[in-house]
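Q: This is target.pdb, which holds PDB, C-alpha atoms:
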```pdb
MODEL        1
ATOM      1  CA  MET A   1     -55.432  45.310 -27.994
ATOM      2  CA  ALA A   2     -54.411  47.118 -24.809
ATOM      3  CA  SER A   3     -54.905  50.444 -26.572
ATOM      4  CA  ARG A   4     -58.466  49.482 -27.497
ATOM      5  CA  GLN A   5     -59.155  48.509 -23.881
ATOM      6  CA  ARG A   6     -57.907  51.913 -22.700
ATOM      7  CA  GLN A   7     -60.185  53.638 -25.211
ATOM      8  CA  ILE A   8     -63.175  51.661 -23.969
ATOM      9  CA  GLU A   9     -62.327  52.484 -20.348
ATOM     10  CA  LEU A  10     -61.976  56.173 -21.224
ATOM     11  CA  LEU A  11     -65.358  56.185 -22.969
ATOM     12  CA  ALA A  12     -67.029  54.353 -20.075
ATOM     13  CA  ARG A  13     -65.649  56.911 -17.620
ATOM     14  CA  LEU A  14     -66.707  59.716 -19.919
ATOM     15  CA  PHE A  15     -70.281  58.409 -20.201
ATOM     16  CA  LYS A  16     -70.528  57.874 -16.451
ATOM     17  CA  ILE A  17     -69.411  61.361 -15.477
ATOM     18  CA  LEU A  18     -71.383  63.061 -18.276
ATOM     19  CA  GLY A  19     -74.550  61.204 -17.297
ATOM     20  CA  ASP A  20     -75.323  64.154 -15.035
ATOM     21  CA  PRO A  21     -77.094  66.966 -16.961
ATOM     22  CA  THR A  22     -75.172  69.760 -15.214
ATOM     23  CA  ARG A  23     -71.780  68.235 -15.985
ATOM     24  CA  LEU A  24     -72.872  67.612 -19.550
ATOM     25  CA  LYS A  25     -73.929  71.261 -19.942
ATOM     26  CA  ILE A  26     -70.597  72.458 -18.531
ATOM     27  CA  THR A  27     -68.710  70.150 -20.890
ATOM     28  CA  VAL A  28     -70.711  71.306 -23.910
ATOM     29  CA  GLU A  29     -69.830  74.917 -23.070
ATOM     30  CA  MET A  30     -66.152  73.957 -22.867
ATOM     31  CA  LEU A  31     -66.329  72.449 -26.362
ATOM     32  CA  LYS A  32     -66.329  76.092 -27.495
ATOM     33  CA  GLY A  33     -63.171  76.908 -25.535
ATOM     34  CA  GLU A  34     -61.614  77.669 -22.197
ATOM     35  CA  LEU A  35     -63.822  79.237 -19.490
ATOM     36  CA  ASN A  36     -63.550  80.338 -15.885
ATOM     37  CA  VAL A  37     -66.159  79.623 -13.185
ATOM     38  CA  THR A  38     -67.808  83.036 -13.526
ATOM     39  CA  GLN A  39     -68.260  82.601 -17.276
ATOM     40  CA  ILE A  40     -69.757  79.135 -16.815
ATOM     41  CA  CYS A  41     -72.133  80.404 -14.101
ATOM     42  CA  ARG A  42     -73.376  83.172 -16.396
ATOM     43  CA  LYS A  43     -73.813  80.940 -19.434
ATOM     44  CA  LEU A  44     -75.691  78.252 -17.507
ATOM     45  CA  LYS A  45     -77.452  80.587 -15.067
ATOM     46  CA  MET A  46     -76.230  78.494 -12.130
ATOM     47  CA  SER A  47     -74.735  79.341  -8.764
ATOM     48  CA  GLN A  48     -70.992  79.367  -8.219
ATOM     49  CA  PRO A  49     -71.050  76.583  -5.579
ATOM     50  CA  THR A  50     -72.996  74.295  -7.924
ATOM     51  CA  VAL A  51     -70.676  74.915 -10.870
ATOM     52  CA  SER A  52     -67.564  74.562  -8.696
ATOM     53  CA  ARG A  53     -68.762  71.248  -7.266
ATOM     54  CA  HIS A  54     -69.340  69.811 -10.741
ATOM     55  CA  LEU A  55     -66.045  71.185 -12.051
ATOM     56  CA  GLY A  56     -64.311  69.481  -9.128
ATOM     57  CA  LEU A  57     -65.838  66.148 -10.118
ATOM     58  CA  LEU A  58     -64.836  66.688 -13.744
ATOM     59  CA  ARG A  59     -61.284  67.519 -12.627
ATOM     60  CA  MET A  60     -61.012  64.455 -10.386
ATOM     61  CA  SER A  61     -62.073  62.343 -13.349
ATOM     62  CA  ASP A  62     -59.343  63.920 -15.519
ATOM     63  CA  LEU A  63     -61.982  65.152 -17.950
ATOM     64  CA  VAL A  64     -61.102  68.815 -17.436
ATOM     65  CA  ALA A  65     -57.749  70.587 -17.500
ATOM     66  CA  THR A  66     -57.003  73.768 -15.564
ATOM     67  CA  ARG A  67     -54.823  76.802 -16.150
ATOM     68  CA  ARG A  68     -54.216  79.495 -13.567
ATOM     69  CA  ASN A  69     -53.957  83.154 -14.564
ATOM     70  CA  GLY A  70     -53.433  85.190 -11.424
ATOM     71  CA  LYS A  71     -56.355  84.434  -9.127
ATOM     72  CA  GLU A  72     -58.511  82.985 -11.885
ATOM     73  CA  ILE A  73     -58.598  79.353 -12.891
ATOM     74  CA  PHE A  74     -59.611  78.549 -16.448
ATOM     75  CA  TYR A  75     -61.102  75.186 -17.350
ATOM     76  CA  SER A  76     -60.818  73.410 -20.677
ATOM     77  CA  LEU A  77     -61.133  69.965 -22.187
ATOM     78  CA  PRO A  78     -57.858  68.069 -22.643
ATOM     79  CA  PRO A  79     -57.120  67.247 -26.302
ATOM     80  CA  LYS A  80     -57.916  63.516 -25.987
ATOM     81  CA  ILE A  81     -61.289  64.264 -24.346
ATOM     82  CA  LEU A  82     -62.057  66.965 -26.902
ATOM     83  CA  ARG A  83     -61.323  64.570 -29.776
ATOM     84  CA  ALA A  84     -63.443  61.805 -28.219
ATOM     85  CA  LEU A  85     -66.401  64.126 -27.636
ATOM     86  CA  LYS A  86     -66.261  65.608 -31.119
ATOM     87  CA  ALA A  87     -66.106  62.138 -32.679
ATOM     88  CA  LEU A  88     -69.088  60.986 -30.602
ATOM     89  CA  LEU A  89     -71.104  64.060 -31.513
ATOM     90  CA  GLN A  90     -70.349  63.633 -35.217
ATOM     91  CA  ARG A  91     -71.383  59.978 -35.121
ATOM     92  CA  GLY A  92     -74.518  60.857 -33.202
ATOM     93  CA  GLU A  93     -75.493  63.491 -35.772
ATOM     94  CA  ALA A  94     -74.896  61.009 -38.601
ATOM     95  CA  MET A  95     -77.160  58.462 -36.902
ATOM     96  CA  ILE A  96     -79.974  61.007 -36.504
ATOM     97  CA  LYS A  97     -79.951  62.028 -40.193
TER
ENDMDL
END
```
Can you turn what I pasted into structure tokens?

A:
Amino acid sequence: MASRQRQIELLARLFKILGDPTRLKITVEMLKGELNVTQICRKLKMSQPTVSRHLGLLRMSDLVATRRNGKEIFYSLPPKILRALKALLQRGEAMIK
């Protein structure tokens, strides 16, 4: 039962943070793989301060993992978040069909 409660809390936190369109766009891009800030800015045609601010919020919420390579920081979705998002997207697609 406690495990189910943790899953519900994780999903609630996920929905809350992804309720912002910019954070949702960033997250969707990271479904494809690891990216740095410059790559995200180019893909979304957004400024670096805007992307960095949203990445910071995603990081504080533990929805994004980081990896440093020299001066660059790469952002990715942790495995448990990636699995949850993929499952939600698959269910959503099934409901639309």

Q: What residues come out when you apply the PyMOL selection byres ((chain A and resi 35) around 12) to this file, written as an mmCIF file with C-alpha atoms, keeping the file's coordinate frame?

A:
```
data_model
loop_
_atom_site.group_PDB
_atom_site.id
_atom_site.type_symbol
_atom_site.label_atom_id
_atom_site.label_comp_id
_atom_site.auth_asym_id
_atom_site.auth_seq_id
_atom_site.Cartn_x
_atom_site.Cartn_y
_atom_site.Cartn_z
ATOM 1 C CA ILE A 26 -70.597 72.458 -18.531
ATOM 2 C CA THR A 27 -68.710 70.150 -20.890
ATOM 3 C CA VAL A 28 -70.711 71.306 -23.910
ATOM 4 C CA GLU A 29 -69.830 74.917 -23.070
ATOM 5 C CA MET A 30 -66.152 73.957 -22.867
ATOM 6 C CA LEU A 31 -66.329 72.449 -26.362
ATOM 7 C CA LYS A 32 -66.329 76.092 -27.495
ATOM 8 C CA GLY A 33 -63.171 76.908 -25.535
ATOM 9 C CA GLU A 34 -61.614 77.669 -22.197
ATOM 10 C CA ASN A 36 -63.550 80.338 -15.885
ATOM 11 C CA VAL A 37 -66.159 79.623 -13.185
ATOM 12 C CA THR A 38 -67.808 83.036 -13.526
ATOM 13 C CA GLN A 39 -68.260 82.601 -17.276
ATOM 14 C CA ILE A 40 -69.757 79.135 -16.815
ATOM 15 C CA CYS A 41 -72.133 80.404 -14.101
ATOM 16 C CA ARG A 42 -73.376 83.172 -16.396
ATOM 17 C CA LYS A 43 -73.813 80.940 -19.434
ATOM 18 C CA VAL A 51 -70.676 74.915 -10.870
ATOM 19 C CA LEU A 55 -66.045 71.185 -12.051
ATOM 20 C CA VAL A 64 -61.102 68.815 -17.436
ATOM 21 C CA ALA A 65 -57.749 70.587 -17.500
ATOM 22 C CA THR A 66 -57.003 73.768 -15.564
ATOM 23 C CA ARG A 67 -54.823 76.802 -16.150
ATOM 24 C CA ARG A 68 -54.216 79.495 -13.567
ATOM 25 C CA ASN A 69 -53.957 83.154 -14.564
ATOM 26 C CA GLU A 72 -58.511 82.985 -11.885
ATOM 27 C CA ILE A 73 -58.598 79.353 -12.891
ATOM 28 C CA PHE A 74 -59.611 78.549 -16.448
ATOM 29 C CA TYR A 75 -61.102 75.186 -17.350
ATOM 30 C CA SER A 76 -60.818 73.410 -20.677
ATOM 31 C CA LEU A 77 -61.133 69.965 -22.187
#
```

Q: Between atom CA of A:Met46 and atom CA of A:Thr22, measure the distance and give it in Å to one decimal.

A: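 Between these atoms lies a distance of 9.3 Å.
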
Q: Restricting the calculation to only C-alpha atoms: of A:Arg91, A:Ala84, A:Leu44, A:Leu57, which residue gets closest to A:Ala12?

A: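 Comparing A:Arg91, A:Ala84, A:Leu44, A:Leu57 against A:Ala12, the winner is A:Ala84.
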
Q: To one decimal in Å, tell me the separation between atom CA of A:Ile81 and atom CA of A:Arg4.

A: 15.4 Å

Q: Given the choices A:Lys86, A:Arg23, A:Lys16, A:Arg6, which gets closest to A:Ser52 if the distance is worked out from all atoms listed in the file?

A: A:Arg23

Q: May I ask for the distance between atom CA of A:His54 and atom CA of A:Gln5, given in Å to one decimal place?

A: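 Atom-to-atom, atom CA of A:His54 and atom CA of A:Gln5 are spaced 27.0 Å apart.
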
Q: Between A:Gln48, A:Ala2, A:Leu14, A:Leu88, which is the closest to A:Ser61 once you count all atoms listed in the file?

A: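 Between A:Gln48, A:Ala2, A:Leu14, A:Leu88, the residue approaching A:Ser61 most closely is A:Leu14.
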
Q: Find, counting only C-alpha atoms, the residue in A:Leu10, A:Arg53, A:Ser3, A:Lys25 that gets nearest to A:Lys80.

A: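 Looking only at the distances to A:Lys80, the closest residue turns out to be A:Leu10.
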
Q: So, with all atoms listed in the file as the atoms that count, which of A:Ala87, A:Leu58, A:Leu82, A:Gly70 lies closest to A:Asp20?

A: A:Leu58

Q: Is there a way to complete stretch 45-62 of chain A with N, CA and C atoms and then write that out as a tab-separated table (two decimals), in the coordinates of the input?

A:
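New file result26.tsv:
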```tsv
chain	number	residue	atom	x	y	z
A	45	LYS	N	-76.56	80.00	-16.06
A	45	LYS	CA	-77.45	80.59	-15.07
A	45	LYS	C	-77.54	79.68	-13.83
A	46	MET	N	-76.35	79.35	-13.31
A	46	MET	CA	-76.23	78.49	-12.13
A	46	MET	C	-75.37	79.19	-11.09
A	47	SER	N	-75.51	78.75	-9.85
A	47	SER	CA	-74.74	79.34	-8.76
A	47	SER	C	-73.28	78.87	-8.82
A	48	GLN	N	-72.41	79.69	-8.24
A	48	GLN	CA	-70.99	79.37	-8.22
A	48	GLN	C	-70.71	78.08	-7.44
A	49	PRO	N	-71.33	77.85	-6.27
A	49	PRO	CA	-71.05	76.58	-5.58
A	49	PRO	C	-71.44	75.35	-6.40
A	50	THR	N	-72.56	75.43	-7.10
A	50	THR	CA	-73.00	74.30	-7.92
A	50	THR	C	-72.01	74.02	-9.05
A	51	VAL	N	-71.63	75.07	-9.76
A	51	VAL	CA	-70.68	74.92	-10.87
A	51	VAL	C	-69.34	74.41	-10.35
A	52	SER	N	-68.86	74.97	-9.25
A	52	SER	CA	-67.56	74.56	-8.70
A	52	SER	C	-67.57	73.09	-8.28
A	53	ARG	N	-68.66	72.65	-7.69
A	53	ARG	CA	-68.76	71.25	-7.27
A	53	ARG	C	-68.66	70.32	-8.48
A	54	HIS	N	-69.37	70.65	-9.54
A	54	HIS	CA	-69.34	69.81	-10.74
A	54	HIS	C	-67.99	69.89	-11.45
A	55	LEU	N	-67.38	71.07	-11.46
A	55	LEU	CA	-66.04	71.18	-12.05
A	55	LEU	C	-65.04	70.34	-11.27
A	56	GLY	N	-65.19	70.31	-9.96
A	56	GLY	CA	-64.31	69.48	-9.13
A	56	GLY	C	-64.42	68.01	-9.49
A	57	LEU	N	-65.64	67.54	-9.71
A	57	LEU	CA	-65.84	66.15	-10.12
A	57	LEU	C	-65.24	65.88	-11.50
A	58	LEU	N	-65.42	66.83	-12.40
A	58	LEU	CA	-64.84	66.69	-13.74
A	58	LEU	C	-63.30	66.65	-13.67
A	59	ARG	N	-62.75	67.49	-12.79
A	59	ARG	CA	-61.28	67.52	-12.63
A	59	ARG	C	-60.77	66.21	-12.04
A	60	MET	N	-61.44	65.71	-11.01
A	60	MET	CA	-61.01	64.46	-10.39
A	60	MET	C	-61.07	63.29	-11.36
A	61	SER	N	-61.93	63.39	-12.34
A	61	SER	CA	-62.07	62.34	-13.35
A	61	SER	C	-61.12	62.55	-14.52
A	62	ASP	N	-60.29	63.58	-14.44
A	62	ASP	CA	-59.34	63.92	-15.52
A	62	ASP	C	-60.03	64.25	-16.83
```
